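File shown: model-v2.cif (mmCIF, C-alpha atoms).
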```cif
data_work
loop_
_atom_site.label_atom_id
_atom_site.label_comp_id
_atom_site.auth_asym_id
_atom_site.auth_seq_id
_atom_site.Cartn_x
_atom_site.Cartn_y
_atom_site.Cartn_z
CA MET A 1 -16.39 -21.63 0.43
CA SER A 2 -13.30 -20.04 1.92
CA ASN A 3 -11.17 -18.14 -0.54
CA LEU A 4 -8.18 -19.89 1.07
CA GLU A 5 -9.18 -23.34 -0.21
CA VAL A 6 -6.51 -24.55 -2.63
CA VAL A 7 -7.44 -26.25 -5.89
CA GLN A 8 -6.47 -29.90 -5.83
CA ASP A 9 -4.17 -29.67 -8.83
CA PRO A 10 -2.19 -26.42 -9.33
CA ALA A 11 -0.90 -27.93 -12.57
CA SER A 12 -4.38 -27.45 -14.02
CA LEU A 13 -3.71 -23.71 -13.62
CA GLY A 14 -0.30 -23.89 -15.28
CA LEU A 15 1.69 -23.88 -12.03
CA ASP A 16 4.15 -26.67 -11.22
CA PRO A 17 3.50 -27.92 -7.63
CA LEU A 18 7.14 -28.82 -7.01
CA ARG A 19 8.28 -25.42 -8.22
CA LEU A 20 5.67 -23.73 -6.03
CA ASP A 21 7.16 -25.54 -3.03
CA ARG A 22 10.38 -23.62 -3.61
CA ILE A 23 8.57 -20.55 -2.28
CA GLN A 24 8.21 -21.97 1.23
CA THR A 25 11.68 -23.50 1.16
CA HIS A 26 13.20 -20.13 0.33
CA PHE A 27 11.29 -17.92 2.75
CA ALA A 28 11.44 -20.46 5.59
CA LYS A 29 15.17 -19.75 5.77
CA TYR A 30 14.43 -16.21 6.91
CA VAL A 31 12.26 -17.58 9.72
CA ASP A 32 14.68 -20.33 10.72
CA GLU A 33 17.54 -17.80 10.89
CA GLY A 34 15.54 -15.46 13.14
CA LYS A 35 15.18 -12.76 10.47
CA LEU A 36 11.39 -13.00 10.03
CA PRO A 37 8.71 -14.09 12.53
CA GLY A 38 6.61 -16.00 10.02
CA PHE A 39 4.71 -15.50 6.79
CA HIS A 40 1.56 -16.34 4.87
CA ILE A 41 1.98 -16.49 1.08
CA THR A 42 -0.78 -17.15 -1.45
CA VAL A 43 -0.69 -17.54 -5.23
CA SER A 44 -3.91 -17.50 -7.25
CA ARG A 45 -4.55 -17.87 -10.96
CA ALA A 46 -7.78 -17.29 -12.82
CA GLY A 47 -9.48 -16.66 -9.49
CA GLN A 48 -8.50 -20.03 -8.00
CA LEU A 49 -6.02 -20.48 -5.18
CA ALA A 50 -3.09 -22.55 -6.40
CA TYR A 51 -0.76 -22.16 -3.43
CA ASN A 52 -1.29 -21.32 0.23
CA THR A 53 1.61 -21.65 2.64
CA GLN A 54 2.02 -20.55 6.26
CA TYR A 55 5.26 -20.86 8.15
CA GLY A 56 6.53 -19.58 11.47
CA HIS A 57 4.71 -17.52 14.05
CA ALA A 58 2.36 -14.58 14.40
CA ASP A 59 3.69 -14.28 17.96
CA VAL A 60 7.11 -15.86 18.39
CA GLU A 61 7.45 -15.30 22.12
CA ASN A 62 4.11 -16.96 22.88
CA GLY A 63 4.47 -19.72 20.32
CA LYS A 64 1.37 -18.70 18.34
CA PRO A 65 1.63 -19.90 14.74
CA ILE A 66 0.48 -18.01 11.66
CA ALA A 67 -3.17 -18.93 10.93
CA ASP A 68 -5.76 -18.24 8.24
CA ASP A 69 -7.37 -15.61 10.48
CA THR A 70 -4.19 -13.86 11.69
CA ILE A 71 -4.66 -10.09 11.58
CA TYR A 72 -1.84 -7.94 10.20
CA ARG A 73 -1.05 -4.24 10.15
CA ILE A 74 -1.06 -3.59 6.42
CA TYR A 75 0.17 0.02 6.60
CA SER A 76 0.55 1.35 3.03
CA MET A 77 -1.46 -1.50 1.51
CA THR A 78 -4.27 0.75 2.77
CA LYS A 79 -3.45 3.13 -0.11
CA PRO A 80 -4.97 1.08 -2.97
CA ILE A 81 -8.13 0.58 -0.89
CA CYS A 82 -8.38 4.33 -0.29
CA ALA A 83 -7.86 4.93 -4.01
CA VAL A 84 -10.68 2.49 -4.84
CA ALA A 85 -12.90 4.34 -2.36
CA ALA A 86 -12.17 7.59 -4.17
CA MET A 87 -12.68 6.04 -7.60
CA ILE A 88 -16.14 4.85 -6.53
CA LEU A 89 -16.99 8.54 -6.11
CA TRP A 90 -15.17 9.41 -9.34
CA GLU A 91 -17.41 6.92 -11.17
CA GLU A 92 -20.39 8.81 -9.74
CA GLY A 93 -19.07 12.02 -11.29
CA LEU A 94 -18.24 13.74 -7.99
CA PHE A 95 -14.77 14.82 -9.09
CA GLU A 96 -12.44 14.74 -12.08
CA MET A 97 -8.71 14.08 -12.19
CA HIS A 98 -7.94 17.68 -13.14
CA ASP A 99 -10.05 19.13 -10.30
CA GLN A 100 -8.03 21.31 -7.98
CA VAL A 101 -7.55 19.96 -4.46
CA LYS A 102 -8.44 23.35 -2.95
CA TRP A 103 -11.99 22.98 -4.25
CA PHE A 104 -12.50 20.20 -1.69
CA ILE A 105 -10.02 21.31 0.98
CA PRO A 106 -9.78 25.13 0.84
CA SER A 107 -6.58 25.30 2.93
CA PHE A 108 -4.67 23.95 -0.08
CA GLY A 109 -5.40 27.19 -1.94
CA ASN A 110 -2.44 29.13 -0.59
CA GLN A 111 0.65 26.98 -1.09
CA ARG A 112 4.31 27.66 -1.71
CA VAL A 113 7.22 25.56 -2.93
CA PHE A 114 10.58 25.16 -1.19
CA ARG A 115 13.21 26.39 -3.64
CA SER A 116 16.51 26.46 -1.75
CA GLY A 117 18.14 27.34 1.54
CA THR A 118 17.99 25.68 4.93
CA LEU A 119 15.44 24.87 7.59
CA THR A 120 16.11 28.16 9.36
CA ALA A 121 16.55 30.24 6.20
CA PRO A 122 14.33 28.72 3.51
CA ARG A 123 13.61 30.34 0.16
CA TYR A 124 10.21 29.78 -1.37
CA GLU A 125 8.56 30.33 -4.72
CA PRO A 126 4.85 30.47 -5.57
CA VAL A 127 3.02 27.46 -6.97
CA THR A 128 2.97 27.65 -10.78
CA GLU A 129 0.48 24.83 -11.33
CA PRO A 130 -2.33 24.23 -8.83
CA MET A 131 -2.34 20.88 -7.06
CA GLU A 132 -4.86 18.60 -8.81
CA MET A 133 -6.46 15.31 -7.82
CA TRP A 134 -4.29 13.25 -10.17
CA HIS A 135 -1.22 14.66 -8.45
CA LEU A 136 -2.43 13.20 -5.15
CA PHE A 137 -3.14 9.75 -6.64
CA THR A 138 0.29 9.59 -8.28
CA HIS A 139 2.52 11.10 -5.54
CA THR A 140 3.43 13.99 -7.84
CA ALA A 141 1.81 16.70 -5.67
CA GLY A 142 5.05 17.91 -4.07
CA LEU A 143 4.22 16.42 -0.66
CA THR A 144 6.56 14.14 1.29
CA TYR A 145 6.84 11.98 4.43
CA GLY A 146 8.58 13.03 7.64
CA PHE A 147 10.57 9.80 7.79
CA VAL A 148 12.40 10.36 4.50
CA TYR A 149 15.31 12.53 5.82
CA SER A 150 16.40 14.05 2.51
CA ASN A 151 15.30 17.67 2.41
CA PRO A 152 14.56 20.57 4.78
CA VAL A 153 10.86 20.05 4.00
CA ASP A 154 11.06 16.58 5.60
CA GLN A 155 12.33 18.23 8.78
CA MET A 156 9.43 20.68 8.69
CA TYR A 157 7.09 17.68 8.59
CA ARG A 158 8.83 16.15 11.59
CA ASN A 159 8.72 19.42 13.49
CA ALA A 160 4.98 19.56 12.83
CA GLY A 161 4.47 16.04 14.23
CA PHE A 162 4.54 14.04 10.98
CA GLU A 163 7.27 11.41 11.19
CA TRP A 164 6.03 7.87 11.79
CA GLY A 165 2.57 9.14 12.60
CA VAL A 166 0.40 12.23 12.81
CA PRO A 167 -0.25 14.79 15.55
CA ARG A 168 -2.09 13.17 18.43
CA ASP A 169 -5.85 13.76 18.68
CA ALA A 170 -5.99 15.57 15.32
CA SER A 171 -8.89 14.85 12.98
CA LEU A 172 -8.24 14.11 9.32
CA ALA A 173 -9.54 17.58 8.49
CA ASP A 174 -7.06 19.08 10.97
CA ILE A 175 -4.21 17.00 9.56
CA CYS A 176 -4.90 18.15 6.00
CA ASP A 177 -5.02 21.80 7.09
CA GLN A 178 -1.67 21.35 8.86
CA LEU A 179 -0.13 19.71 5.79
CA ALA A 180 -1.43 22.55 3.62
CA GLU A 181 0.55 25.03 5.75
CA LEU A 182 3.82 23.21 5.05
CA PRO A 183 5.77 24.01 1.86
CA LEU A 184 5.78 21.65 -1.10
CA MET A 185 9.03 19.90 -1.99
CA PHE A 186 8.57 20.66 -5.71
CA GLN A 187 6.06 22.09 -8.15
CA PRO A 188 2.98 19.83 -8.53
CA GLY A 189 3.29 17.48 -11.49
CA SER A 190 7.03 18.01 -11.97
CA GLU A 191 8.45 15.04 -10.00
CA TRP A 192 7.47 11.89 -8.09
CA ALA A 193 8.07 11.43 -4.37
CA TYR A 194 6.38 9.01 -1.98
CA SER A 195 4.19 11.08 0.31
CA MET A 196 1.11 11.63 2.47
CA SER A 197 -0.98 12.43 -0.61
CA ILE A 198 -3.26 9.39 -0.24
CA ASP A 199 -4.16 10.59 3.28
CA ILE A 200 -5.42 13.77 1.65
CA ILE A 201 -7.45 11.71 -0.85
CA GLY A 202 -9.04 10.06 2.19
CA ARG A 203 -10.18 13.47 3.36
CA VAL A 204 -11.65 14.23 -0.09
CA VAL A 205 -13.64 10.99 0.24
CA GLU A 206 -14.99 12.24 3.58
CA VAL A 207 -15.90 15.65 2.14
CA LEU A 208 -17.69 14.19 -0.87
CA SER A 209 -19.46 11.33 0.92
CA GLY A 210 -20.34 12.99 4.22
CA MET A 211 -18.97 9.93 6.08
CA SER A 212 -15.73 9.15 7.84
CA LEU A 213 -13.28 7.30 5.60
CA GLY A 214 -13.73 4.14 7.67
CA GLU A 215 -17.52 4.30 7.38
CA PHE A 216 -17.34 4.79 3.62
CA MET A 217 -14.87 1.92 3.15
CA LYS A 218 -17.04 -0.39 5.26
CA LYS A 219 -20.25 0.48 3.41
CA ARG A 220 -18.90 0.51 -0.13
CA ILE A 221 -15.98 -1.95 -0.07
CA PHE A 222 -15.60 -4.13 3.04
CA ASP A 223 -19.21 -5.21 3.57
CA PRO A 224 -19.92 -5.86 -0.14
CA LEU A 225 -16.72 -7.93 -0.50
CA GLY A 226 -17.11 -9.76 2.82
CA MET A 227 -13.90 -8.25 4.29
CA THR A 228 -15.05 -8.82 7.86
CA ASP A 229 -11.67 -8.32 9.59
CA THR A 230 -10.49 -5.17 7.80
CA ALA A 231 -10.80 -1.92 9.76
CA PHE A 232 -8.85 1.05 11.11
CA HIS A 233 -8.13 -0.82 14.32
CA CYS A 234 -8.27 -4.34 15.71
CA GLU A 235 -11.29 -4.65 18.00
CA ALA A 236 -10.85 -6.05 21.51
CA ASP A 237 -12.59 -9.35 20.73
CA LYS A 238 -10.09 -9.96 17.90
CA ALA A 239 -6.95 -8.78 19.69
CA ASP A 240 -5.71 -12.33 20.27
CA ARG A 241 -5.53 -12.75 16.49
CA LEU A 242 -3.35 -9.65 15.92
CA ALA A 243 0.20 -10.60 14.99
CA ALA A 244 3.09 -9.13 16.97
CA LEU A 245 5.22 -6.52 15.24
CA TYR A 246 8.97 -6.95 14.83
CA VAL A 247 11.94 -4.83 13.79
CA PRO A 248 15.53 -5.86 12.96
CA ASN A 249 18.24 -5.60 15.61
CA PRO A 250 20.74 -3.04 14.23
CA ALA A 251 23.61 -5.23 15.38
CA ASP A 252 22.81 -8.44 13.50
CA LYS A 253 19.43 -7.78 11.79
CA LYS A 254 17.83 -10.58 13.81
CA MET A 255 14.25 -9.62 14.66
CA LEU A 256 13.21 -7.87 17.86
CA ARG A 257 9.63 -7.55 19.07
CA ASN A 258 8.36 -3.95 19.18
CA ASP A 259 5.11 -3.78 21.13
CA ALA A 260 5.35 0.00 21.48
CA ALA A 261 5.05 0.45 17.72
CA GLY A 262 2.51 -2.34 17.37
CA ALA A 263 0.08 -1.26 20.09
CA GLY A 264 -1.48 1.51 18.02
CA ALA A 265 -3.43 -1.04 16.00
CA LEU A 266 -5.53 -1.88 19.09
CA HIS A 267 -7.06 1.60 19.37
CA GLU A 268 -9.32 3.37 16.91
CA PRO A 269 -7.56 6.53 15.71
CA LYS A 270 -9.32 9.87 15.58
CA ALA A 271 -8.14 10.23 11.98
CA HIS A 272 -8.70 7.42 9.48
CA LEU A 273 -5.56 7.59 7.36
CA GLY A 274 -6.04 6.37 3.81
CA GLY A 275 -2.28 6.19 3.43
CA GLY A 276 -1.63 3.60 6.09
CA GLY A 277 -4.15 2.89 8.81
CA LEU A 278 -5.85 -0.47 8.19
CA VAL A 279 -5.47 -3.93 9.68
CA SER A 280 -6.55 -6.94 7.64
CA THR A 281 -6.18 -10.67 7.06
CA THR A 282 -4.80 -12.65 4.13
CA SER A 283 -8.31 -13.82 3.28
CA ASP A 284 -9.75 -10.30 3.33
CA TYR A 285 -7.05 -8.70 1.25
CA LEU A 286 -7.16 -11.53 -1.24
CA LYS A 287 -10.82 -10.68 -1.85
CA PHE A 288 -9.85 -7.08 -2.55
CA ALA A 289 -7.00 -8.11 -4.88
CA GLU A 290 -9.21 -10.61 -6.71
CA MET A 291 -11.80 -7.86 -7.20
CA LEU A 292 -9.13 -5.82 -9.00
CA ARG A 293 -7.92 -8.80 -11.05
CA ASN A 294 -11.47 -9.54 -12.11
CA GLY A 295 -12.17 -6.05 -13.41
CA GLY A 296 -13.75 -4.60 -10.29
CA GLU A 297 -16.07 -7.53 -9.56
CA TYR A 298 -15.89 -10.20 -6.85
CA ASN A 299 -18.48 -12.82 -5.94
CA GLY A 300 -21.20 -11.09 -7.92
CA VAL A 301 -20.51 -7.62 -6.52
CA GLN A 302 -19.30 -4.92 -8.93
CA ILE A 303 -17.22 -2.38 -6.99
CA LEU A 304 -15.70 -0.61 -10.00
CA SER A 305 -15.98 -0.81 -13.78
CA PRO A 306 -13.34 -2.91 -15.56
CA ARG A 307 -12.38 0.25 -17.45
CA THR A 308 -11.81 2.10 -14.19
CA VAL A 309 -9.52 -0.63 -12.85
CA ALA A 310 -7.55 -0.60 -16.11
CA PHE A 311 -7.29 3.21 -15.86
CA MET A 312 -5.97 2.93 -12.29
CA ALA A 313 -3.43 0.30 -13.34
CA SER A 314 -2.04 2.39 -16.22
CA ASN A 315 1.19 4.36 -15.91
CA HIS A 316 0.14 7.95 -15.20
CA LEU A 317 3.66 9.40 -15.12
CA PRO A 318 4.22 11.88 -17.99
CA ASP A 319 5.61 10.40 -21.23
CA ASN A 320 5.31 6.87 -19.78
CA ALA A 321 8.42 7.54 -17.66
CA ASP A 322 9.61 5.13 -15.00
CA LEU A 323 10.23 6.19 -11.40
CA THR A 324 13.99 6.38 -11.96
CA ALA A 325 13.50 9.04 -14.64
CA PHE A 326 10.68 10.96 -12.91
CA GLY A 327 11.19 10.31 -9.21
CA ARG A 328 13.72 11.26 -6.57
CA PRO A 329 15.94 8.36 -5.41
CA LEU A 330 14.22 8.15 -2.05
CA PHE A 331 12.49 5.34 -0.15
CA ALA A 332 9.24 3.97 -1.52
CA GLU A 333 7.43 0.64 -1.27
CA THR A 334 8.57 -0.27 -4.80
CA ALA A 335 11.58 -0.56 -7.07
CA PHE A 336 12.24 2.34 -9.46
CA ASP A 337 13.88 0.94 -12.62
CA GLY A 338 11.32 -0.14 -15.22
CA VAL A 339 8.44 0.69 -12.85
CA GLY A 340 5.84 3.40 -13.49
CA PHE A 341 3.01 4.56 -11.29
CA GLY A 342 -0.76 4.41 -11.64
CA LEU A 343 -3.46 5.65 -9.28
CA SER A 344 -1.90 4.70 -5.91
CA MET A 345 -0.13 1.58 -7.24
CA SER A 346 3.17 0.79 -8.94
CA VAL A 347 2.93 -0.53 -12.50
CA THR A 348 5.61 -2.55 -14.29
CA ILE A 349 6.46 -1.04 -17.67
CA ASP A 350 9.70 -2.92 -18.41
CA PRO A 351 10.53 -6.16 -16.52
CA VAL A 352 13.96 -6.38 -18.18
CA LYS A 353 14.91 -2.90 -17.00
CA ALA A 354 13.55 -3.80 -13.55
CA LYS A 355 15.73 -6.95 -13.55
CA VAL A 356 12.84 -8.87 -11.96
CA PRO A 357 10.60 -11.24 -13.93
CA GLY A 358 7.05 -10.03 -14.32
CA SER A 359 4.63 -8.82 -16.93
CA VAL A 360 4.19 -5.45 -18.54
CA GLY A 361 1.19 -4.02 -16.70
CA ASP A 362 1.41 -6.00 -13.47
CA TYR A 363 0.63 -3.78 -10.50
CA GLY A 364 0.39 -3.73 -6.72
CA TRP A 365 1.79 -2.19 -3.56
CA GLY A 366 3.29 -3.05 -0.20
CA GLY A 367 3.24 -2.00 3.42
CA ALA A 368 5.85 -0.93 5.96
CA ALA A 369 5.76 -4.29 7.76
CA SER A 370 6.91 -6.15 4.60
CA THR A 371 3.44 -7.08 3.33
CA ASN A 372 2.86 -6.93 -0.43
CA PHE A 373 0.40 -7.88 -3.17
CA THR A 374 0.68 -8.08 -6.96
CA VAL A 375 -1.99 -8.42 -9.63
CA ASP A 376 -0.74 -9.62 -13.03
CA PRO A 377 -3.49 -9.21 -15.67
CA LYS A 378 -1.44 -10.82 -18.44
CA GLU A 379 -0.86 -14.03 -16.47
CA ASP A 380 -4.19 -13.77 -14.60
CA LEU A 381 -2.26 -13.97 -11.31
CA VAL A 382 -2.63 -12.61 -7.80
CA TYR A 383 0.13 -13.25 -5.27
CA MET A 384 0.65 -11.88 -1.81
CA ILE A 385 2.82 -12.10 1.29
CA MET A 386 1.68 -11.24 4.80
CA THR A 387 4.20 -10.87 7.65
CA GLN A 388 5.07 -8.25 10.32
CA LEU A 389 8.63 -6.96 10.04
CA MET A 390 9.40 -3.24 9.85
CA PRO A 391 10.80 -1.65 7.77
CA SER A 392 9.96 -3.36 4.50
CA SER A 393 13.43 -2.54 3.17
CA THR A 394 15.03 -4.97 5.67
CA TRP A 395 14.99 -7.94 3.26
CA PRO A 396 14.31 -8.19 -0.52
CA LEU A 397 11.18 -10.27 0.01
CA ARG A 398 9.15 -8.69 -2.80
CA PRO A 399 11.43 -9.24 -5.80
CA GLN A 400 12.24 -12.70 -4.48
CA LEU A 401 8.56 -13.63 -4.26
CA LYS A 402 7.96 -12.36 -7.78
CA GLN A 403 10.93 -14.35 -9.07
CA LEU A 404 9.77 -17.54 -7.38
CA VAL A 405 6.17 -17.19 -8.55
CA HIS A 406 7.24 -16.70 -12.16
CA GLN A 407 9.62 -19.68 -12.17
CA ALA A 408 6.64 -21.84 -11.13
CA LEU A 409 4.64 -20.88 -14.24
CA VAL A 410 4.99 -23.69 -16.79
CA ASP A 411 2.04 -23.35 -19.16
#
```

Would you mind writing the structure in this file as structure tokens?
Amino acid sequence: MSNLEVVQDPASLGLDPLRLDRIQTHFAKYVDEGKLPGFHITVSRAGQLAYNTQYGHADVENGKPIADDTIYRIYSMTKPICAVAAMILWEEGLFEMHDQVKWFIPSFGNQRVFRSGTLTAPRYEPVTEPMEMWHLFTHTAGLTYGFVYSNPVDQMYRNAGFEWGVPRDASLADICDQLAELPLMFQPGSEWAYSMSIDIIGRVVEVLSGMSLGEFMKKRIFDPLGMTDTAFHCEADKADRLAALYVPNPADKKMLRNDAAGAGALHEPKAHLGGGGLVSTTSDYLKFAEMLRNGGEYNGVQILSPRTVAFMASNHLPDNADLTAFGRPLFAETAFDGVGFGLSMSVTIDPVKAKVPGSVGDYGWGGAASTNFTVDPKEDLVYMIMTQLMPSSTWPLRPQLKQLVHQALVD
């Protein structure tokens, strides 16, 4: 049976059908006003699909509607999958959270931290605490992204070829060695900043498994879960199912097609980036999310222990801090107030402080093209939106979806 088959009566799952319909009504306005190409939204409870709505187009210019098998660039929604890949190896005892990164990637053994100064006259200090595996999982390693534009270190990333991508024809091993040569933005474990750290975790997976990250994910996650359309590129025989990618027009924020940015998904990269390289479908990612909701098991296949999933979905920031207290006020695929961070995923610790309805302990992540998923263990919910509009900060789709899902709960 398809995991996109809706139960006949959502009310049996404690969801009001008329209230659920408000989700499509609301998000359809974005499409009708030319602000979003189309969307696919699903809401599941207790492992059963209660709501499944598609509206608009995967390819506006060619009149191709969103379909069950539309393939999307999921960008940073790759991160939780990469983290699960690593935690499979963690469960086998191949590393511990306090292990130093340099033990797996020796180039990280000689790092320095940017202290002050400018791009041309920087001042550095030595690392006082070695970078550990938990720092990578939690974005507290001192790394950054080249697209952030907040610090001379960001510019160093851009100068080295790390802005909206990585140096051409570089392997993942090469990329990690190049990142290790760049200074850290802060001492490991002292702050939170969204970064390329999950890409480095992907390399640790390769080192420990002896496979490419894509091979490991396919063998240990995708094949067991039946995620047949999830990979590091969209193969030629599936290219007609790949949604077009859009960006907002700076003048009026109406969407513009951007084939130059979208074309990369059609070619297998030399480096499999655990921080943002996968394409997937709604059906495939729902299987992954349901595996997490169900304590690491889906359709009879146990990917992780329930205890491991709960460990990943706990707030790992020191003293149970939220991202506002521990992070820099920079871009990330999450809100900061009332939100902590687990192993590659945001975790709600105070919905009232966040000013968005939710549950303490709900978790998830999003991607640069406005995709997002949430698992809510307290309410036994999984909800997700798939679309293709970059950047994800263009419209407040995520808090709005959360708000509309929670108003539909009536049990």

Contacts of Gly264 of chain A at 10 Å or less, counting all atoms listed in the file, minus same-chain residues fewer than 3 places along, as a PDB file with C-alpha atoms, in the frame of the given file?
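Result file follows (selection_27.pdb):
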```pdb
ATOM      1  CA  ARG A  73      -1.050  -4.240  10.150  1.00  0.00           C
ATOM      2  CA  HIS A 233      -8.130  -0.820  14.320  1.00  0.00           C
ATOM      3  CA  CYS A 234      -8.270  -4.340  15.710  1.00  0.00           C
ATOM      4  CA  ASP A 259       5.110  -3.780  21.130  1.00  0.00           C
ATOM      5  CA  ALA A 260       5.350   0.000  21.480  1.00  0.00           C
ATOM      6  CA  ALA A 261       5.050   0.450  17.720  1.00  0.00           C
ATOM      7  CA  HIS A 267      -7.060   1.600  19.370  1.00  0.00           C
ATOM      8  CA  GLU A 268      -9.320   3.370  16.910  1.00  0.00           C
ATOM      9  CA  PRO A 269      -7.560   6.530  15.710  1.00  0.00           C
ATOM     10  CA  GLY A 277      -4.150   2.890   8.810  1.00  0.00           C
TER      11      GLY A 277
END
```

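Interatomic distance, atom CA of Leu89 of chain A to atom CA of Gln111 of chain A: 26.0 Å.
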
**OP:** Give me the residues within 10 Å of Lys253 of chain A as a PyMOL selection string, counting all atoms listed in the file and dropping any in the same chain fewer than 2 places off.
**Re:** chain A and resi 34-36+247-251+255-256+394-395

**OP:** List every protein, DNA or RNA residue that has an atom no more than 10 Å from (-4.5, 19.0, 5.9) in the file's coordinate frame, counting only C-alpha atoms, and report them as a list in words.
**Re:** Ile105, Pro106, Ser107, Phe108, Ser171, Leu172, Ala173, Asp174, Ile175, Cys176, Asp177, Gln178, Leu179, Ala180, Glu181, Leu182, Met196, Ser197, Asp199, Ile200 and Arg203 of chain A

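Using all atoms listed in the file for every distance, the candidate list A:Gln54, A:Leu184, A:Ala321, A:Asp284 yields A:Leu184 as the residue closest to Asn110 of chain A.
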
**OP:** Go ahead and find all residues with at least one atom no further than 10 Å from (3.8, -6.2, 10.8) in the file's coordinates, using all atoms listed in the file; report them as a PyMOL selection string.
**Re:** chain A and resi 37+58+71-75+242-247+258+261-262+279+367-371+386-392

Subject >> atom CA of Ile81 of chain A to atom CA of Val204 of chain A, distance in Å rounded to a single decimal >> reply: 14.1 Å

Extending 3 Å beyond the listed atoms of segment 340-357 of chain A on each side, what axis-aligned box results? I want centre and edge lengths in Å to one decimal, as JSON.
```
{"center_x": 6.1, "center_y": -2.8, "center_z": -12.2, "size_x": 25.2, "size_y": 22.9, "size_z": 18.5}
```

**OP:** Enumerate, as number ranges by chain, the residues matched when the PyMOL selection byres ((chain A and resi 291-300) around 9) is run on the file above.
**Re:** A: 46-47, 224-225, 286-290, 301-310, 375-377, 380-382

Non-local contacts of segment 121-128 of chain A (7 Å; only C-alpha atoms; under 5 positions in same chain excluded) as an mmCIF file with C-alpha atoms, keeping the file's coordinate frame:
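Heads up, here's the output in part_34.cif:
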```
data_model
loop_
_atom_site.group_PDB
_atom_site.id
_atom_site.type_symbol
_atom_site.label_atom_id
_atom_site.label_comp_id
_atom_site.auth_asym_id
_atom_site.auth_seq_id
_atom_site.Cartn_x
_atom_site.Cartn_y
_atom_site.Cartn_z
ATOM 1 C CA GLN A 111 0.650 26.980 -1.090
ATOM 2 C CA ARG A 112 4.310 27.660 -1.710
ATOM 3 C CA VAL A 113 7.220 25.560 -2.930
ATOM 4 C CA PHE A 114 10.580 25.160 -1.190
ATOM 5 C CA ARG A 115 13.210 26.390 -3.640
ATOM 6 C CA SER A 116 16.510 26.460 -1.750
ATOM 7 C CA GLN A 187 6.060 22.090 -8.150
#
```

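Here the question is which of A:Tyr55, A:Ser280, A:Glu132, A:Gln407 gets nearest to Pro17 of chain A using only C-alpha atoms, and that residue is A:Gln407.
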
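This file gives the following result for the PyMOL selection byres ((chain A and resi 119) around 8): Gly117, Thr118, Thr120, Ala121, Pro122, Pro152, Val153, Gln155 and Met156 of chain A.
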
Starting from the displayed file, determine the output of the PyMOL selection byres ((chain A and resi 6) around 12) and express the residue list as a short mmCIF file (atom, residue, chain, number, x, y, z; two decimals) with C-alpha atoms, in the frame of the given file.
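What follows is the written file part-v3.cif:
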```
data_model
loop_
_atom_site.label_atom_id
_atom_site.label_comp_id
_atom_site.auth_asym_id
_atom_site.auth_seq_id
_atom_site.Cartn_x
_atom_site.Cartn_y
_atom_site.Cartn_z
CA MET A 1 -16.39 -21.63 0.43
CA SER A 2 -13.30 -20.04 1.92
CA ASN A 3 -11.17 -18.14 -0.54
CA LEU A 4 -8.18 -19.89 1.07
CA GLU A 5 -9.18 -23.34 -0.21
CA VAL A 7 -7.44 -26.25 -5.89
CA GLN A 8 -6.47 -29.90 -5.83
CA ASP A 9 -4.17 -29.67 -8.83
CA PRO A 10 -2.19 -26.42 -9.33
CA ALA A 11 -0.90 -27.93 -12.57
CA SER A 12 -4.38 -27.45 -14.02
CA LEU A 13 -3.71 -23.71 -13.62
CA PRO A 17 3.50 -27.92 -7.63
CA THR A 42 -0.78 -17.15 -1.45
CA VAL A 43 -0.69 -17.54 -5.23
CA SER A 44 -3.91 -17.50 -7.25
CA ARG A 45 -4.55 -17.87 -10.96
CA GLY A 47 -9.48 -16.66 -9.49
CA GLN A 48 -8.50 -20.03 -8.00
CA LEU A 49 -6.02 -20.48 -5.18
CA ALA A 50 -3.09 -22.55 -6.40
CA TYR A 51 -0.76 -22.16 -3.43
CA ASN A 52 -1.29 -21.32 0.23
CA THR A 53 1.61 -21.65 2.64
#
```

Original post:
Using all atoms listed in the file, which of A:Met312, A:Trp192, A:Ser393, A:Met384 sits nearest Thr324 of chain A?
Top reply: A:Trp192

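The coordinates place atom CA of Lys254 of chain A at 26.8 Å from atom CA of Tyr145 of chain A.
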
Original post:
Given the choices A:Gly276, A:Pro65, A:Pro130, A:Gly142, which gets closest to Ser190 of chain A if the distance is worked out from only C-alpha atoms?
Top reply: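 Using only C-alpha atoms, the shortest distance to Ser190 of chain A belongs to A:Gly142.
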
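Counting only C-alpha atoms, the residue from A:Ala236, A:Leu136, A:Ala332, A:Ile221 that sits nearest to Tyr194 of chain A is A:Ala332.
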
Subject >> Among listed residues A:Ile41, A:Met133, A:Cys82, A:Ile66, nearest Arg241 of chain A (using all atoms listed in the file) >> reply: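 Smallest separation from Arg241 of chain A among the options: A:Ile66.
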